[in-house]
Amino acid sequence: MIEIIGLRKQYSNDFLLEIEELNIDDGERVAIVGPNGSGKSTLLNIIAGVISHDSGSINIKGECVFLPQSPYCFQGSVLSNVKIGLNGSAKGKDARKAASEALKKTELEKFGRNKAGSLSGGETQRMMLARMLVKKHECLLLDEPLSAVDIEFCRKLERVLLDFCAQNGSTMLISTHLPVQAVNLSTKIIIMNNGRIEEYGNTRDVIQHPNTKFGKMFLEQWRIE
Amino acid sequence: MIDYIKQAFSLLLSGDSELWQIIGVTVRMSLLSTLISCLIGLPLGVAAGRAEFRGKGLFVRITNTFMGLPPVVAGLIVFMFLSRSGPFGSLKLLFSVTAMVIAQVILITPIVTGLSTSVSSARAGRLRETAVGLGIGRLKQVLLLLSECRTQLISVALTGFGRAISEVGAVQLVGGNVQFKTRVMTTAIMLETNKGNFEFAIALGIILLLLAFIVISVAYAMQEKIK
């Protein structure tokens, strides 16, 4: 469960993130959408503890992992990169096995011994996803995790994410700029604008009946796209 | 030039005790001062590169300023501190290899600190974001950063060594170029040049280059091994 109350983060460039209240239940899958600079990444970074906030409270039940928009690719092999995601929870053969299985999920098993730096942009994102899915997590925070992946793999990886959440009862908060992805992955959707939540509700309800002027305008743009 | 190289090698092979003593002091002083500077500068630089704190810009500017500290000034400061009337005069360190190492450490530490700050800060932000996201603790984050920057940090240490082995002003001032005690390759070259012994000075220069080449080759091999 993620509970946010009175969250505020002010940047020197006048951008203000302000979330009065946000409750995300266990096992919920929430898509965060909105135009560039609306605060999607900032919100995820604050929940993950990467960026500090000025005021307000964030209560998270369980352990959260966060996949930033441009995650760091460690030197060494693809397999060793994925093993870092285990964070010491498994060692030796067990670690190798877990990492190999995670790579299999993202269809990168044949690249295990390759240098991580030799992968293409899309393959690197799949490796980052494998690094995150290498062990069970109660909560996943994903910042545009599939932006460089081609459409075919996007659908496959969406399935992988859905299976992971179903098997582990994980909560997922994912920011995306792809309407189809938001619909495919989420049970609830947040539409953000200028650092505020404009709409929050069941994905289908919000998409069919947006309550705010901005929500209607934003979804209209989505339909055109 | 070939004659000079021949002379350099015949000097080396002649078993001249003074020459080998000079080589010994040069290597000992350069390695020791580089080691001490790295022990201070690398952790400090990596910590500064990783951390976001008020005054970081000022820290970087001061470090960068000291990177260009004239050797003679560093030597003069150490000389004043270690001279008989200075605050540490009673230690009787002036005109010793220790004094030369102190002067070298003052010169090299800002270089090692400044360069390692720059090397680590280039990676620290994204690495921290990713590591925090994966729930990796602070100590492991630092170890990961050190591991990621290892080849560049070896280059930083080599830059420090390069400065140490080629330095003349500070070591001349605080070492005094005492025969069989504090004479190093650079001060010996200066002395031989002043005496008009150009062939011998050039031969010494070639040996100095050879020494640097050997140390750098060893470090390069290490770099390749850990890549």
# chains A, B, ... in the order shown; residues from 1 in each chain; ligands from 1
>>> interface_residues(of="chain A", to="chain B", cutoff="12 Å", atoms="only C-alpha atoms", output="short mmCIF file (atom, residue, chain, number, x, y, z; two decimals) with N, CA and C atoms, in the first residue's frame")
data_model
loop_
_atom_site.label_atom_id
_atom_site.label_comp_id
_atom_site.auth_asym_id
_atom_site.auth_seq_id
_atom_site.Cartn_x
_atom_site.Cartn_y
_atom_site.Cartn_z
N LEU A 44 7.43 9.65 -8.99
CA LEU A 44 8.01 8.31 -8.81
C LEU A 44 9.36 8.38 -8.07
N ASN A 45 10.18 9.37 -8.44
CA ASN A 45 11.48 9.53 -7.78
C ASN A 45 11.32 9.83 -6.29
N ILE A 46 10.30 10.62 -5.97
CA ILE A 46 10.07 10.95 -4.55
C ILE A 46 9.58 9.71 -3.80
N ILE A 47 8.66 8.98 -4.38
CA ILE A 47 8.16 7.77 -3.71
C ILE A 47 9.32 6.78 -3.49
N ALA A 48 10.21 6.70 -4.49
CA ALA A 48 11.34 5.76 -4.40
C ALA A 48 12.41 6.22 -3.42
N GLY A 49 12.36 7.48 -3.02
CA GLY A 49 13.35 7.99 -2.07
C GLY A 49 14.60 8.50 -2.75
N VAL A 50 14.55 8.64 -4.06
CA VAL A 50 15.73 9.15 -4.79
C VAL A 50 15.80 10.68 -4.62
N ILE A 51 14.62 11.32 -4.67
CA ILE A 51 14.55 12.78 -4.50
C ILE A 51 13.84 13.03 -3.17
N GLY A 62 5.76 -2.43 2.79
CA GLY A 62 6.56 -3.37 2.00
C GLY A 62 7.71 -2.68 1.29
N GLU A 63 8.44 -3.48 0.53
CA GLU A 63 9.67 -3.01 -0.12
C GLU A 63 9.37 -2.60 -1.56
N CYS A 64 9.80 -1.42 -1.90
CA CYS A 64 9.58 -0.91 -3.26
C CYS A 64 10.88 -0.93 -4.05
N VAL A 65 10.83 -1.26 -5.31
CA VAL A 65 12.00 -1.06 -6.18
C VAL A 65 11.60 -0.10 -7.29
N PHE A 66 12.60 0.62 -7.76
CA PHE A 66 12.33 1.70 -8.71
C PHE A 66 13.23 1.54 -9.94
N LEU A 67 12.62 1.63 -11.09
CA LEU A 67 13.39 1.60 -12.34
C LEU A 67 13.31 3.00 -12.96
N PRO A 68 14.40 3.78 -12.84
CA PRO A 68 14.36 5.16 -13.38
C PRO A 68 14.32 5.17 -14.91
N GLN A 69 14.06 6.35 -15.43
CA GLN A 69 13.93 6.50 -16.89
C GLN A 69 15.25 6.16 -17.60
N SER A 70 16.37 6.60 -17.02
CA SER A 70 17.68 6.28 -17.61
C SER A 70 18.52 5.55 -16.57
N PRO A 71 18.24 4.27 -16.36
CA PRO A 71 19.00 3.56 -15.32
C PRO A 71 20.46 3.39 -15.70
N TYR A 72 21.29 3.21 -14.68
CA TYR A 72 22.73 3.06 -14.89
C TYR A 72 23.05 1.64 -15.36
N CYS A 73 23.84 1.56 -16.40
CA CYS A 73 24.26 0.26 -16.93
C CYS A 73 25.67 -0.02 -16.39
N PHE A 74 25.79 -1.00 -15.52
CA PHE A 74 27.08 -1.30 -14.91
C PHE A 74 28.02 -1.95 -15.93
N GLN A 75 29.33 -1.77 -15.71
CA GLN A 75 30.31 -2.44 -16.57
C GLN A 75 30.20 -3.94 -16.33
N GLY A 76 30.69 -4.70 -17.22
CA GLY A 76 30.64 -6.16 -17.06
C GLY A 76 29.56 -6.76 -17.95
N SER A 77 29.23 -8.02 -17.66
CA SER A 77 28.31 -8.74 -18.54
C SER A 77 26.86 -8.40 -18.23
N ASN A 81 25.04 -7.64 -14.55
CA ASN A 81 24.15 -6.50 -14.34
C ASN A 81 22.86 -6.93 -13.68
N VAL A 82 22.31 -8.04 -14.17
CA VAL A 82 21.03 -8.53 -13.63
C VAL A 82 21.22 -9.00 -12.19
N LYS A 83 22.38 -9.61 -11.92
CA LYS A 83 22.65 -10.13 -10.57
C LYS A 83 22.68 -9.00 -9.53
N ILE A 84 23.06 -7.80 -9.96
CA ILE A 84 23.09 -6.67 -9.03
C ILE A 84 21.70 -6.43 -8.43
N GLY A 85 20.67 -6.73 -9.22
CA GLY A 85 19.29 -6.58 -8.75
C GLY A 85 18.94 -7.47 -7.58
N LEU A 86 19.71 -8.54 -7.39
CA LEU A 86 19.45 -9.45 -6.26
C LEU A 86 19.85 -8.81 -4.94
N ASN A 87 20.73 -7.82 -5.03
CA ASN A 87 21.15 -7.07 -3.84
C ASN A 87 21.60 -8.02 -2.71
N GLY A 88 22.33 -9.02 -3.07
CA GLY A 88 22.91 -9.94 -2.08
C GLY A 88 21.95 -11.00 -1.56
N SER A 89 20.72 -11.06 -2.05
CA SER A 89 19.75 -12.02 -1.51
C SER A 89 20.05 -13.46 -1.98
N LYS A 115 28.91 -8.21 -23.12
CA LYS A 115 29.14 -6.98 -22.36
C LYS A 115 27.83 -6.18 -22.37
N MET A 128 17.42 -4.02 -18.05
CA MET A 128 17.09 -3.28 -16.83
C MET A 128 15.83 -3.86 -16.18
N LEU A 129 14.90 -4.24 -17.02
CA LEU A 129 13.66 -4.83 -16.52
C LEU A 129 13.95 -6.19 -15.87
N ARG A 131 16.71 -7.00 -14.48
CA ARG A 131 17.41 -6.70 -13.23
C ARG A 131 16.41 -6.42 -12.10
N MET A 132 15.28 -5.85 -12.50
CA MET A 132 14.26 -5.53 -11.51
C MET A 132 13.41 -6.75 -11.14
N LEU A 133 13.20 -7.60 -12.14
CA LEU A 133 12.31 -8.74 -11.91
C LEU A 133 13.07 -9.99 -11.44
N VAL A 134 14.36 -9.81 -11.12
CA VAL A 134 15.19 -10.95 -10.74
C VAL A 134 14.79 -11.51 -9.37
N LYS A 135 14.14 -10.70 -8.58
CA LYS A 135 13.62 -11.23 -7.31
C LYS A 135 12.24 -10.63 -7.01
N LYS A 136 11.55 -11.25 -6.04
CA LYS A 136 10.19 -10.80 -5.71
C LYS A 136 10.23 -9.42 -5.05
N HIS A 137 9.28 -8.58 -5.45
CA HIS A 137 9.14 -7.27 -4.81
C HIS A 137 7.67 -7.03 -4.54
N CYS A 139 6.39 -4.06 -4.40
CA CYS A 139 5.94 -2.86 -5.13
C CYS A 139 6.96 -2.50 -6.21
N LEU A 140 6.45 -2.23 -7.40
CA LEU A 140 7.31 -1.84 -8.52
C LEU A 140 7.00 -0.40 -8.91
N LEU A 141 8.04 0.41 -9.02
CA LEU A 141 7.87 1.79 -9.50
C LEU A 141 8.64 1.88 -10.82
N LEU A 142 7.93 2.10 -11.89
CA LEU A 142 8.57 2.05 -13.21
C LEU A 142 8.36 3.36 -13.96
N ASP A 143 9.49 3.98 -14.35
CA ASP A 143 9.41 5.25 -15.06
C ASP A 143 9.67 5.01 -16.55
#
>>> select_by_dssp(residues="range 27-129 of chain A", states="helix (DSSP H, G or I)", output="NGL selection string")
:A and (40-48 or 78-84 or 92-105 or 109-111 or 116-118 or 121-129)
>>> write_last_selection(atoms="N, CA and C atoms", output="short mmCIF file (atom, residue, chain, number, x, y, z; two decimals), in the first residue's frame")
data_model
loop_
_atom_site.label_atom_id
_atom_site.label_comp_id
_atom_site.auth_asym_id
_atom_site.auth_seq_id
_atom_site.Cartn_x
_atom_site.Cartn_y
_atom_site.Cartn_z
N LYS A 40 5.35 13.35 -13.51
CA LYS A 40 5.26 11.87 -13.39
C LYS A 40 6.56 11.30 -12.80
N SER A 41 7.67 11.66 -13.42
CA SER A 41 8.97 11.13 -12.96
C SER A 41 9.30 11.65 -11.57
N THR A 42 9.02 12.93 -11.32
CA THR A 42 9.31 13.50 -10.01
C THR A 42 8.55 12.74 -8.93
N LEU A 43 7.28 12.46 -9.19
CA LEU A 43 6.47 11.74 -8.20
C LEU A 43 7.07 10.36 -7.92
N LEU A 44 7.43 9.65 -8.99
CA LEU A 44 8.01 8.31 -8.81
C LEU A 44 9.36 8.38 -8.07
N ASN A 45 10.18 9.37 -8.44
CA ASN A 45 11.48 9.53 -7.78
C ASN A 45 11.32 9.83 -6.29
N ILE A 46 10.30 10.62 -5.97
CA ILE A 46 10.07 10.95 -4.55
C ILE A 46 9.58 9.71 -3.80
N ILE A 47 8.66 8.98 -4.38
CA ILE A 47 8.16 7.77 -3.71
C ILE A 47 9.32 6.78 -3.49
N ALA A 48 10.21 6.70 -4.49
CA ALA A 48 11.34 5.76 -4.40
C ALA A 48 12.41 6.22 -3.42
N VAL A 78 25.99 -8.82 -19.15
CA VAL A 78 24.55 -8.65 -18.98
C VAL A 78 24.11 -9.40 -17.72
N LEU A 79 24.64 -10.61 -17.57
CA LEU A 79 24.28 -11.45 -16.42
C LEU A 79 24.68 -10.77 -15.10
N SER A 80 25.88 -10.20 -15.07
CA SER A 80 26.34 -9.57 -13.82
C SER A 80 25.50 -8.33 -13.51
N ASN A 81 25.04 -7.64 -14.55
CA ASN A 81 24.15 -6.50 -14.34
C ASN A 81 22.86 -6.93 -13.68
N VAL A 82 22.31 -8.04 -14.17
CA VAL A 82 21.03 -8.53 -13.63
C VAL A 82 21.22 -9.00 -12.19
N LYS A 83 22.38 -9.61 -11.92
CA LYS A 83 22.65 -10.13 -10.57
C LYS A 83 22.68 -9.00 -9.53
N ILE A 84 23.06 -7.80 -9.96
CA ILE A 84 23.09 -6.67 -9.03
C ILE A 84 21.70 -6.43 -8.43
N GLY A 92 26.33 -17.05 -5.66
CA GLY A 92 26.85 -18.19 -6.40
C GLY A 92 25.90 -18.72 -7.46
N LYS A 93 25.68 -20.05 -7.39
CA LYS A 93 24.85 -20.70 -8.40
C LYS A 93 23.42 -20.19 -8.37
N ASP A 94 22.90 -19.96 -7.14
CA ASP A 94 21.53 -19.48 -7.00
C ASP A 94 21.35 -18.13 -7.69
N ALA A 95 22.34 -17.26 -7.51
CA ALA A 95 22.28 -15.93 -8.12
C ALA A 95 22.29 -16.05 -9.64
N ARG A 96 23.18 -16.94 -10.13
CA ARG A 96 23.30 -17.12 -11.58
C ARG A 96 21.99 -17.67 -12.15
N LYS A 97 21.39 -18.59 -11.41
CA LYS A 97 20.15 -19.21 -11.87
C LYS A 97 19.02 -18.17 -11.92
N ALA A 98 18.93 -17.38 -10.84
CA ALA A 98 17.87 -16.36 -10.78
C ALA A 98 18.05 -15.34 -11.90
N ALA A 99 19.31 -14.93 -12.13
CA ALA A 99 19.57 -13.94 -13.18
C ALA A 99 19.26 -14.53 -14.56
N SER A 100 19.61 -15.80 -14.76
CA SER A 100 19.34 -16.44 -16.06
C SER A 100 17.83 -16.52 -16.31
N GLU A 101 17.08 -16.84 -15.25
CA GLU A 101 15.63 -16.92 -15.40
C GLU A 101 15.02 -15.56 -15.73
N ALA A 102 15.54 -14.53 -15.07
CA ALA A 102 15.04 -13.17 -15.34
C ALA A 102 15.34 -12.77 -16.78
N LEU A 103 16.54 -13.16 -17.26
CA LEU A 103 16.91 -12.84 -18.64
C LEU A 103 16.03 -13.60 -19.64
N LYS A 104 15.63 -14.80 -19.23
CA LYS A 104 14.76 -15.60 -20.08
C LYS A 104 13.41 -14.90 -20.26
N LYS A 105 12.93 -14.34 -19.16
CA LYS A 105 11.64 -13.63 -19.20
C LYS A 105 11.66 -12.48 -20.20
N GLU A 109 18.33 -14.29 -22.79
CA GLU A 109 19.19 -15.34 -22.23
C GLU A 109 20.45 -15.59 -23.06
N LYS A 110 20.36 -15.42 -24.37
CA LYS A 110 21.55 -15.69 -25.20
C LYS A 110 22.59 -14.57 -25.11
N PHE A 111 22.20 -13.44 -24.47
CA PHE A 111 23.15 -12.31 -24.34
C PHE A 111 23.84 -12.28 -22.98
N ALA A 116 27.45 -5.67 -21.21
CA ALA A 116 26.18 -4.93 -21.12
C ALA A 116 26.19 -3.71 -22.04
N GLY A 117 27.36 -3.10 -22.17
CA GLY A 117 27.47 -1.90 -23.00
C GLY A 117 27.29 -2.17 -24.49
N SER A 118 27.32 -3.44 -24.88
CA SER A 118 27.20 -3.75 -26.31
C SER A 118 25.75 -3.91 -26.75
N GLY A 121 19.63 -0.01 -27.49
CA GLY A 121 18.80 0.73 -26.52
C GLY A 121 17.65 -0.12 -25.99
N GLY A 122 16.95 -0.78 -26.90
CA GLY A 122 15.80 -1.61 -26.50
C GLY A 122 16.23 -2.80 -25.67
N GLU A 123 17.34 -3.43 -26.08
CA GLU A 123 17.85 -4.58 -25.33
C GLU A 123 18.30 -4.16 -23.93
N THR A 124 18.91 -2.96 -23.86
CA THR A 124 19.35 -2.46 -22.55
C THR A 124 18.13 -2.30 -21.63
N GLN A 125 17.05 -1.75 -22.17
CA GLN A 125 15.84 -1.59 -21.33
C GLN A 125 15.31 -2.94 -20.88
N ARG A 126 15.39 -3.93 -21.75
CA ARG A 126 14.93 -5.28 -21.36
C ARG A 126 15.83 -5.84 -20.26
N MET A 127 17.14 -5.55 -20.36
CA MET A 127 18.07 -6.00 -19.31
C MET A 127 17.75 -5.31 -17.98
N MET A 128 17.42 -4.02 -18.05
CA MET A 128 17.09 -3.28 -16.83
C MET A 128 15.83 -3.86 -16.18
N LEU A 129 14.90 -4.24 -17.02
CA LEU A 129 13.66 -4.83 -16.52
C LEU A 129 13.95 -6.19 -15.87
#
>>> residues_around(residues="range 22-37 of chain B", least_positions_apart="2", cutoff="7 Å", atoms="only C-alpha atoms", output="tab-separated table (two decimals) with C-alpha atoms, in the first residue's frame")
chain	number	residue	atom	x	y	z
B	18	GLU	CA	75.50	6.84	-7.02
B	19	LEU	CA	73.26	6.42	-10.04
B	20	TRP	CA	71.47	3.45	-8.52
B	39	LEU	CA	45.02	7.37	0.19
B	40	ILE	CA	43.90	10.93	0.96
B	41	GLY	CA	42.75	12.16	-2.44
B	97	VAL	CA	63.41	12.20	1.79
B	101	VAL	CA	57.54	13.30	0.25
B	104	GLN	CA	55.10	16.04	-3.10
B	105	VAL	CA	51.96	15.06	-1.17
B	108	ILE	CA	49.79	15.77	-5.77
B	109	THR	CA	46.84	15.39	-3.37
B	112	VAL	CA	44.25	13.28	-7.29
B	157	ALA	CA	46.94	7.75	-9.69
B	160	GLY	CA	49.86	11.84	-9.70
B	161	PHE	CA	52.87	9.58	-10.16
B	164	ALA	CA	55.82	13.18	-8.58
B	165	ILE	CA	58.58	11.67	-10.69
B	182	THR	CA	68.19	13.35	-1.27
B	183	ARG	CA	69.45	13.56	-4.83
B	184	VAL	CA	66.78	12.42	-7.30
B	185	MET	CA	66.84	12.12	-11.09
>>> select_by_dssp(residues="range 15-208 of chain A", states="strand (DSSP E)", output="VMD selection string")
chain A and resid 16 to 24 29 to 33 55 to 60 64 to 67 139 to 143 171 to 175 188 to 193 196 to 202
>>> write_last_selection(atoms="N, CA and C atoms", output="compact mmCIF listing (two decimals), in the first residue's frame")
# COMPACT_ATOMS: atom_id res chain seq x y z
N LEU A 16 6.21 23.13 -9.23
CA LEU A 16 5.76 22.67 -7.91
C LEU A 16 4.96 21.38 -8.06
N LEU A 17 5.42 20.35 -7.38
CA LEU A 17 4.64 19.11 -7.34
C LEU A 17 3.82 19.15 -6.05
N GLU A 18 2.53 18.99 -6.20
CA GLU A 18 1.65 19.10 -5.04
C GLU A 18 0.59 18.00 -5.11
N ILE A 19 0.68 17.04 -4.22
CA ILE A 19 -0.28 15.93 -4.19
C ILE A 19 -1.00 15.99 -2.84
N GLU A 20 -2.28 16.33 -2.87
CA GLU A 20 -3.01 16.44 -1.60
C GLU A 20 -3.17 15.07 -0.95
N GLU A 21 -3.63 14.11 -1.73
CA GLU A 21 -3.84 12.77 -1.18
C GLU A 21 -3.80 11.75 -2.31
N LEU A 22 -3.16 10.64 -2.03
CA LEU A 22 -3.13 9.55 -3.01
C LEU A 22 -3.00 8.23 -2.27
N ASN A 23 -3.95 7.36 -2.47
CA ASN A 23 -3.89 6.03 -1.84
C ASN A 23 -3.89 4.96 -2.92
N ILE A 24 -2.90 4.10 -2.84
CA ILE A 24 -2.83 2.99 -3.80
C ILE A 24 -2.86 1.69 -3.00
N ARG A 29 -2.54 -1.88 -9.85
CA ARG A 29 -1.62 -1.48 -10.92
C ARG A 29 -2.07 -0.12 -11.44
N VAL A 30 -1.21 0.87 -11.22
CA VAL A 30 -1.61 2.25 -11.54
C VAL A 30 -0.70 2.83 -12.62
N ALA A 31 -1.32 3.37 -13.67
CA ALA A 31 -0.55 4.04 -14.73
C ALA A 31 -0.58 5.54 -14.46
N ILE A 32 0.57 6.17 -14.56
CA ILE A 32 0.63 7.64 -14.43
C ILE A 32 0.87 8.20 -15.83
N VAL A 33 -0.02 9.03 -16.26
CA VAL A 33 0.12 9.63 -17.60
C VAL A 33 0.03 11.15 -17.48
N SER A 55 7.65 18.72 2.01
CA SER A 55 6.71 18.46 3.11
C SER A 55 5.74 17.36 2.70
N GLY A 56 4.99 16.91 3.68
CA GLY A 56 4.02 15.84 3.43
C GLY A 56 4.56 14.50 3.86
N SER A 57 3.71 13.49 3.79
CA SER A 57 4.15 12.16 4.22
C SER A 57 3.89 11.11 3.15
N ILE A 58 4.79 10.13 3.11
CA ILE A 58 4.63 8.99 2.19
C ILE A 58 4.78 7.73 3.03
N ASN A 59 3.74 6.94 3.09
CA ASN A 59 3.82 5.67 3.81
C ASN A 59 3.74 4.53 2.80
N ILE A 60 4.75 3.68 2.85
CA ILE A 60 4.78 2.53 1.92
C ILE A 60 4.83 1.26 2.74
N CYS A 64 9.80 -1.42 -1.90
CA CYS A 64 9.58 -0.91 -3.26
C CYS A 64 10.88 -0.93 -4.05
N VAL A 65 10.83 -1.26 -5.31
CA VAL A 65 12.00 -1.06 -6.18
C VAL A 65 11.60 -0.10 -7.29
N PHE A 66 12.60 0.62 -7.76
CA PHE A 66 12.33 1.70 -8.71
C PHE A 66 13.23 1.54 -9.94
N LEU A 67 12.62 1.63 -11.09
CA LEU A 67 13.39 1.60 -12.34
C LEU A 67 13.31 3.00 -12.96
N CYS A 139 6.39 -4.06 -4.40
CA CYS A 139 5.94 -2.86 -5.13
C CYS A 139 6.96 -2.50 -6.21
N LEU A 140 6.45 -2.23 -7.40
CA LEU A 140 7.31 -1.84 -8.52
C LEU A 140 7.00 -0.40 -8.91
N LEU A 141 8.04 0.41 -9.02
CA LEU A 141 7.87 1.79 -9.50
C LEU A 141 8.64 1.88 -10.82
N LEU A 142 7.93 2.10 -11.89
CA LEU A 142 8.57 2.05 -13.21
C LEU A 142 8.36 3.36 -13.96
N ASP A 143 9.49 3.98 -14.35
CA ASP A 143 9.41 5.25 -15.06
C ASP A 143 9.67 5.01 -16.55
N THR A 171 2.26 -4.52 -6.10
CA THR A 171 1.64 -3.25 -6.51
C THR A 171 2.55 -2.66 -7.59
N MET A 172 1.95 -2.02 -8.59
CA MET A 172 2.79 -1.44 -9.65
C MET A 172 2.34 -0.01 -9.95
N LEU A 173 3.33 0.86 -10.01
CA LEU A 173 3.07 2.25 -10.39
C LEU A 173 3.95 2.53 -11.60
N ILE A 174 3.35 2.78 -12.73
CA ILE A 174 4.14 2.90 -13.96
C ILE A 174 3.79 4.18 -14.70
N SER A 175 4.81 4.93 -15.07
CA SER A 175 4.53 6.12 -15.89
C SER A 175 4.75 5.74 -17.35
N LYS A 188 -5.94 1.14 -12.49
CA LYS A 188 -6.28 2.55 -12.22
C LYS A 188 -5.34 3.47 -12.99
N ILE A 189 -5.79 4.69 -13.18
CA ILE A 189 -4.95 5.64 -13.94
C ILE A 189 -4.92 7.01 -13.25
N ILE A 190 -3.76 7.62 -13.30
CA ILE A 190 -3.60 8.99 -12.78
C ILE A 190 -3.25 9.87 -13.97
N ILE A 191 -4.00 10.96 -14.14
CA ILE A 191 -3.60 11.94 -15.17
C ILE A 191 -3.02 13.14 -14.44
N MET A 192 -1.78 13.46 -14.78
CA MET A 192 -1.11 14.58 -14.10
C MET A 192 -0.95 15.78 -15.03
N ASN A 193 -0.98 16.95 -14.43
CA ASN A 193 -0.74 18.17 -15.18
C ASN A 193 -0.15 19.21 -14.24
N ARG A 196 0.20 18.41 -10.53
CA ARG A 196 -0.99 18.03 -9.76
C ARG A 196 -1.69 16.85 -10.41
N ILE A 197 -2.46 16.13 -9.57
CA ILE A 197 -3.26 15.04 -10.12
C ILE A 197 -4.60 15.62 -10.58
N GLU A 198 -4.86 15.47 -11.89
CA GLU A 198 -6.11 15.99 -12.44
C GLU A 198 -7.21 14.94 -12.33
N GLU A 199 -6.83 13.70 -12.59
CA GLU A 199 -7.82 12.61 -12.56
C GLU A 199 -7.20 11.40 -11.89
N TYR A 200 -7.98 10.67 -11.11
CA TYR A 200 -7.50 9.40 -10.55
C TYR A 200 -8.70 8.49 -10.38
N GLY A 201 -8.67 7.34 -10.99
CA GLY A 201 -9.79 6.41 -10.87
C GLY A 201 -9.55 5.16 -11.68
N ASN A 202 -10.60 4.33 -11.79
CA ASN A 202 -10.48 3.12 -12.60
C ASN A 202 -10.15 3.51 -14.04
>>> closest_atom_pairs(of="range 105-213 of chain B", to="range 73-96 of chain B", cutoff="8 Å", atoms="only C-alpha atoms", output="CSV")
residue,atom,partner,partner_atom,distance
B:Ile106,CA,B:Ala74,CA,6.7
B:Leu107,CA,B:Ala74,CA,6.6
B:Gly169,CA,B:Gly75,CA,7.0
B:Ala170,CA,B:Gly75,CA,3.9
B:Val171,CA,B:Gly75,CA,6.8
B:Leu173,CA,B:Gly75,CA,5.7
B:Val174,CA,B:Phe95,CA,5.4
B:Gly175,CA,B:Phe95,CA,4.0
B:Gly176,CA,B:Phe95,CA,5.3
B:Asn177,CA,B:Phe95,CA,7.8
B:Val178,CA,B:Phe95,CA,7.4
B:Lys181,CA,B:Ser96,CA,7.2
B:Thr182,CA,B:Ser96,CA,6.1
>>> closest_residue(among="A:Met1, A:Ile207, A:Leu219, A:Ile151", to="Glu138 in chain A", atoms="only C-alpha atoms")
A:Met1
>>> residues_around(residues="Ile207 in chain B", least_positions_apart="6", cutoff="10 Å", atoms="only C-alpha atoms", output="list of chain:residue names")
B:Ile5, B:Ala8, B:Phe9, B:Leu11, B:Leu12, B:Ile23, B:Met185, B:Ala201, B:Phe213
>>> atom_distance(atom1="CA of Cys38 in chain B", atom2="CA of Gly57 in chain B")
21.8 Å
>>> closest_residue(among="A:Phe164, A:Gly39, A:Met217, A:Ala130", to="Gly112 in chain A", atoms="only C-alpha atoms")
A:Ala130
>>> atom_distance(atom1="CA of Gly196 in chain B", atom2="CA of Leu208 in chain B")
19.0 Å
>>> residues_around(residues="Ile189 in chain B", least_positions_apart="4", cutoff="9 Å", atoms="only C-alpha atoms", output="VMD selection string")
chain B and resid 184 to 185 193 to 194 198 200 to 205
